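J.: Just one file: run.tsv, with TSV, C-alpha atoms and all ligand atoms.
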```
chain	number	residue	atom	x	y	z
T	95	MET	CA	-14.06	4.19	-18.60
T	96	ILE	CA	-10.91	3.43	-16.64
T	97	THR	CA	-7.53	5.14	-16.93
T	98	GLU	CA	-4.21	4.03	-15.47
T	99	THR	CA	-4.07	7.08	-13.20
T	100	ALA	CA	-7.59	6.59	-11.80
T	101	PHE	CA	-7.56	2.86	-11.05
T	102	ARG	CA	-5.88	0.53	-8.55
T	103	ALA	CA	-6.38	-3.17	-9.19
T	104	MET	CA	-7.27	-5.37	-6.20
T	105	SER	CA	-7.60	-8.63	-8.11
T	106	GLN	CA	-7.93	-9.76	-11.71
T	107	ASP	CA	-11.53	-8.49	-11.92
T	108	SER	CA	-11.82	-5.89	-9.16
T	109	GLY	CA	-10.31	-2.59	-8.15
T	110	LEU	CA	-10.69	0.92	-6.76
T	111	THR	CA	-11.44	3.98	-8.87
T	112	ASN	CA	-12.42	7.61	-8.49
T	113	ALA	CA	-13.56	7.78	-12.12
T	114	PRO	CA	-17.28	8.50	-12.48
T	115	PRO	CA	-19.36	6.03	-14.51
T	116	THR	CA	-19.95	6.82	-18.19
T	117	CYS	CA	-23.08	5.73	-20.05
T	118	PRO	CA	-22.44	4.00	-23.41
T	119	ALA	CA	-24.05	6.83	-25.39
T	120	CYS	CA	-21.57	9.37	-23.92
T	121	ILE	CA	-18.36	7.39	-24.57
T	122	PRO	CA	-17.64	8.93	-28.02
T	123	GLU	CA	-18.12	12.46	-26.64
T	124	SER	CA	-15.97	11.67	-23.59
T	125	LEU	CA	-13.16	10.40	-25.84
T	126	ALA	CA	-13.46	13.49	-28.04
T	127	TYR	CA	-13.20	16.03	-25.22
T	128	CYS	CA	-11.05	14.38	-22.51
T	129	PRO	CA	-7.31	14.30	-23.29
T	130	GLN	CA	-6.65	11.82	-20.44
T	131	LEU	CA	-9.17	9.32	-21.85
T	132	ARG	CA	-7.66	9.63	-25.36
T	133	LYS	CA	-4.16	9.01	-24.01
T	134	ASN	CA	-4.98	5.87	-22.05
T	135	SER	CA	-8.36	4.34	-21.29
T	136	ALA	CA	-10.34	1.14	-21.44
T	137	VAL	CA	-14.06	0.44	-21.14
T	138	TYR	CA	-15.22	-1.99	-18.47
T	139	THR	CA	-18.57	-3.15	-17.20
T	140	ALA	CA	-18.87	-4.15	-13.54
T	141	VAL	CA	-21.26	-6.41	-11.66
T	142	SER	CA	-21.21	-4.06	-8.66
T	143	ALA	CA	-19.88	-0.69	-7.50
T	144	GLU	CA	-19.73	0.09	-3.77
T	145	PRO	CA	-18.36	3.22	-2.06
T	146	ALA	CA	-15.04	2.18	-0.44
T	147	GLY	CA	-13.32	5.37	0.70
T	148	VAL	CA	-12.06	8.76	-0.41
T	149	LEU	CA	-9.04	10.52	-1.83
T	150	ALA	CA	-8.14	13.10	0.77
T	151	ASP	CA	-5.79	15.82	1.87
T	152	THR	CA	-4.13	14.64	5.09
T	153	PHE	CA	-2.97	16.70	8.08
T	154	THR	CA	-1.08	16.33	11.34
T	155	PRO	CA	-1.36	18.57	14.42
T	156	GLY	CA	1.13	21.45	14.41
T	157	PRO	CA	2.24	24.05	16.97
T	158	GLY	CA	-0.41	26.33	18.45
T	159	GLY	CA	-3.33	24.26	17.30
T	160	THR	CA	-2.45	24.58	13.61
T	161	ALA	CA	-2.79	21.79	11.06
T	162	ILE	CA	0.22	20.80	8.93
T	163	HIS	CA	-0.62	19.52	5.45
T	164	THR	CA	1.05	16.11	4.99
T	165	GLY	CA	-0.44	14.67	1.80
T	166	HIS	CA	-2.69	15.19	-1.23
T	167	ASN	CA	-4.98	12.64	-2.91
T	168	ILE	CA	-4.18	9.98	-0.30
T	169	TYR	CA	-6.55	7.00	-0.27
T	170	VAL	CA	-8.39	6.61	3.04
T	171	GLY	CA	-10.76	3.66	3.31
T	172	PHE	CA	-14.12	3.94	5.06
T	173	ASP	CA	-12.84	1.25	7.48
T	174	GLU	CA	-9.76	3.28	8.49
T	175	PHE	CA	-11.49	5.07	11.35
T	176	ALA	CA	-8.29	6.25	13.10
T	177	ARG	CA	-7.10	8.15	10.00
T	178	GLN	CA	-10.42	9.87	9.25
T	179	ALA	CA	-10.07	12.56	11.94
T	180	SER	CA	-6.96	13.95	10.22
T	181	CYS	CA	-8.12	14.04	6.61
T	182	LEU	CA	-10.28	16.20	4.37
T	183	ALA	CA	-12.12	14.17	1.72
T	184	LEU	CA	-11.78	15.40	-1.87
T	185	GLN	CA	-13.17	12.63	-4.08
T	186	MET	CA	-15.26	9.48	-3.62
T	187	VAL	CA	-13.58	6.16	-4.40
T	188	VAL	CA	-15.69	3.14	-5.35
T	189	ARG	CA	-14.77	-0.54	-5.44
T	190	LEU	CA	-15.71	-2.24	-8.72
T	191	ASP	CA	-16.23	-6.01	-8.69
T	192	GLY	CA	-16.87	-8.43	-11.51
T	193	MET	CA	-15.15	-6.15	-14.01
T	194	ARG	CA	-15.15	-7.19	-17.67
T	195	LEU	CA	-13.20	-5.49	-20.45
T	196	GLU	CA	-15.53	-4.33	-23.24
T	197	SER	CA	-14.84	-3.02	-26.72
T	198	ILE	CA	-15.23	0.72	-27.28
T	199	PRO	CA	-18.55	1.24	-29.13
T	201	ZN	ZN	-24.38	9.92	-20.71
```
Rewrite the structure of this file - the entire thing - as structure tokens.
T.:
Amino acid sequence: MITETAFRAMSQDSGLTNAPPTCPACIPESLAYCPQLRKNSAVYTAVSAEPAGVLADTFTPGPGGTAIHTGHNIYVGFDEFARQASCLALQMVVRLDGMRLESIP
């Protein structure tokens, strides 16, 4: 189940999300209890899901060896090695490919 706030499209049938997968049997319960899903969501199937990066808090060196907080929930890809030393991972982000819009059961 994809929401606008938890998805970034990369092409017509692929994108990045931090939303966990939902099994078909749990979709009605998820819609009943999650206000965000009721407000705006769509059900997709995907051919593949691969870890791509994280949402992280980011920091920069400050005076006296301190760390200055510079960002929250910033996407950092697993291939962005130079940025990884200055971030604290909060959530996994996966890349979905071969996405297909499905009807809500
Ligand atoms: Zn389930």
J.: Quote the spacing between atom CA of Ala113 of chain T and atom CA of Ala176 of chain T in Å to one decimal place.
T.: 25.8 Å
J.: Set up a box along x, y and z of the file covering all listed atoms of segment 137-155 of chain T, add 3 Å on every one of the six sides, and write the centre and edge lengths in Å to one decimal, as JSON.
T.:
```
{"center_x": -11.2, "center_y": 6.1, "center_z": -3.4, "size_x": 26.2, "size_y": 31.0, "size_z": 41.6}
```
J.: Listing only residues of chain T within 8 Å of ligand ZN 201 (chain T), what is the closest atom pair and its distance in Å (to one decimal) for each, using only C-alpha atoms and all ligand atoms, sorted by chain and residue number ascending, as JSON lines?
T.:
```
{"residue": "T:Thr116", "atom": "CA", "partner": "T:ZN201", "partner_atom": "ZN", "distance": 6.0}
{"residue": "T:Cys117", "atom": "CA", "partner": "T:ZN201", "partner_atom": "ZN", "distance": 4.4}
{"residue": "T:Pro118", "atom": "CA", "partner": "T:ZN201", "partner_atom": "ZN", "distance": 6.8}
{"residue": "T:Ala119", "atom": "CA", "partner": "T:ZN201", "partner_atom": "ZN", "distance": 5.6}
{"residue": "T:Cys120", "atom": "CA", "partner": "T:ZN201", "partner_atom": "ZN", "distance": 4.3}
{"residue": "T:Ile121", "atom": "CA", "partner": "T:ZN201", "partner_atom": "ZN", "distance": 7.6}
```
J.: Between atom CA of Pro114 of chain T and atom CA of Asn167 of chain T, measure the distance and give it in Å to one decimal.
T.: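 Answer for the atom CA of Pro114 of chain T to atom CA of Asn167 of chain T separation: 16.1 Å.
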J.: Go through T:Phe153, T:Phe172, T:Tyr127, T:Tyr138 one by one, measure the shortest atom-to-atom distance of each to Gly109 of chain T using all atoms listed in the file, and give the residue with the smallest value.
T.: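 For Gly109 of chain T, the nearest of the given residues is T:Tyr138.
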J.: Which residue is closest to Ile198 of chain T? Choose from T:Arg177, T:Arg132, T:Arg102, T:His166 and count only C-alpha atoms.
T.: T:Arg132
J.: What separation in Å, quoted to one decimal, exists between atom CA of Thr97 of chain T and atom CA of Leu131 of chain T?
T.: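 Straight-line distance from atom CA of Thr97 of chain T to atom CA of Leu131 of chain T works out to 6.7 Å.
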J.: Have a look at T:Cys128, T:Val141, T:Ala136, T:Met95 and name the one nearest to Leu190 of chain T; count only C-alpha atoms.
T.: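 Of the candidates, the smallest distance to Leu190 of chain T is held by T:Val141.
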J.: Grab segment 106-118 of chain T from that structure and dump N, CA and C atoms to a file, as a compact mmCIF listing (two decimals), in the first residue's frame.
T.:
```txt
# COMPACT_ATOMS: atom_id res chain seq x y z
N GLN T 106 7.64 5.34 -14.67
CA GLN T 106 6.21 5.07 -14.68
C GLN T 106 5.84 3.85 -13.83
N ASP T 107 6.79 2.89 -13.70
CA ASP T 107 6.45 1.68 -12.94
C ASP T 107 7.51 1.33 -11.89
N SER T 108 8.22 2.35 -11.40
CA SER T 108 9.19 2.09 -10.34
C SER T 108 9.29 3.29 -9.42
N GLY T 109 9.79 3.05 -8.21
CA GLY T 109 9.96 4.15 -7.27
C GLY T 109 10.54 3.69 -5.95
N LEU T 110 10.76 4.67 -5.07
CA LEU T 110 11.34 4.42 -3.76
C LEU T 110 10.26 4.59 -2.70
N THR T 111 10.27 3.69 -1.70
CA THR T 111 9.31 3.81 -0.60
C THR T 111 9.90 3.31 0.70
N ASN T 112 9.43 3.89 1.80
CA ASN T 112 9.77 3.37 3.12
C ASN T 112 8.57 2.65 3.73
N ALA T 113 7.50 2.51 2.96
CA ALA T 113 6.31 1.81 3.46
C ALA T 113 6.58 0.30 3.50
N PRO T 114 6.24 -0.35 4.61
CA PRO T 114 6.43 -1.80 4.67
C PRO T 114 5.40 -2.50 3.77
N PRO T 115 5.70 -3.71 3.31
CA PRO T 115 4.71 -4.43 2.51
C PRO T 115 3.51 -4.84 3.36
N THR T 116 2.36 -4.97 2.71
CA THR T 116 1.13 -5.38 3.39
C THR T 116 0.57 -6.60 2.66
N CYS T 117 0.28 -7.67 3.39
CA CYS T 117 -0.30 -8.84 2.73
C CYS T 117 -1.77 -8.56 2.42
N PRO T 118 -2.31 -9.16 1.36
CA PRO T 118 -3.69 -8.88 0.95
C PRO T 118 -4.70 -9.06 2.07
```
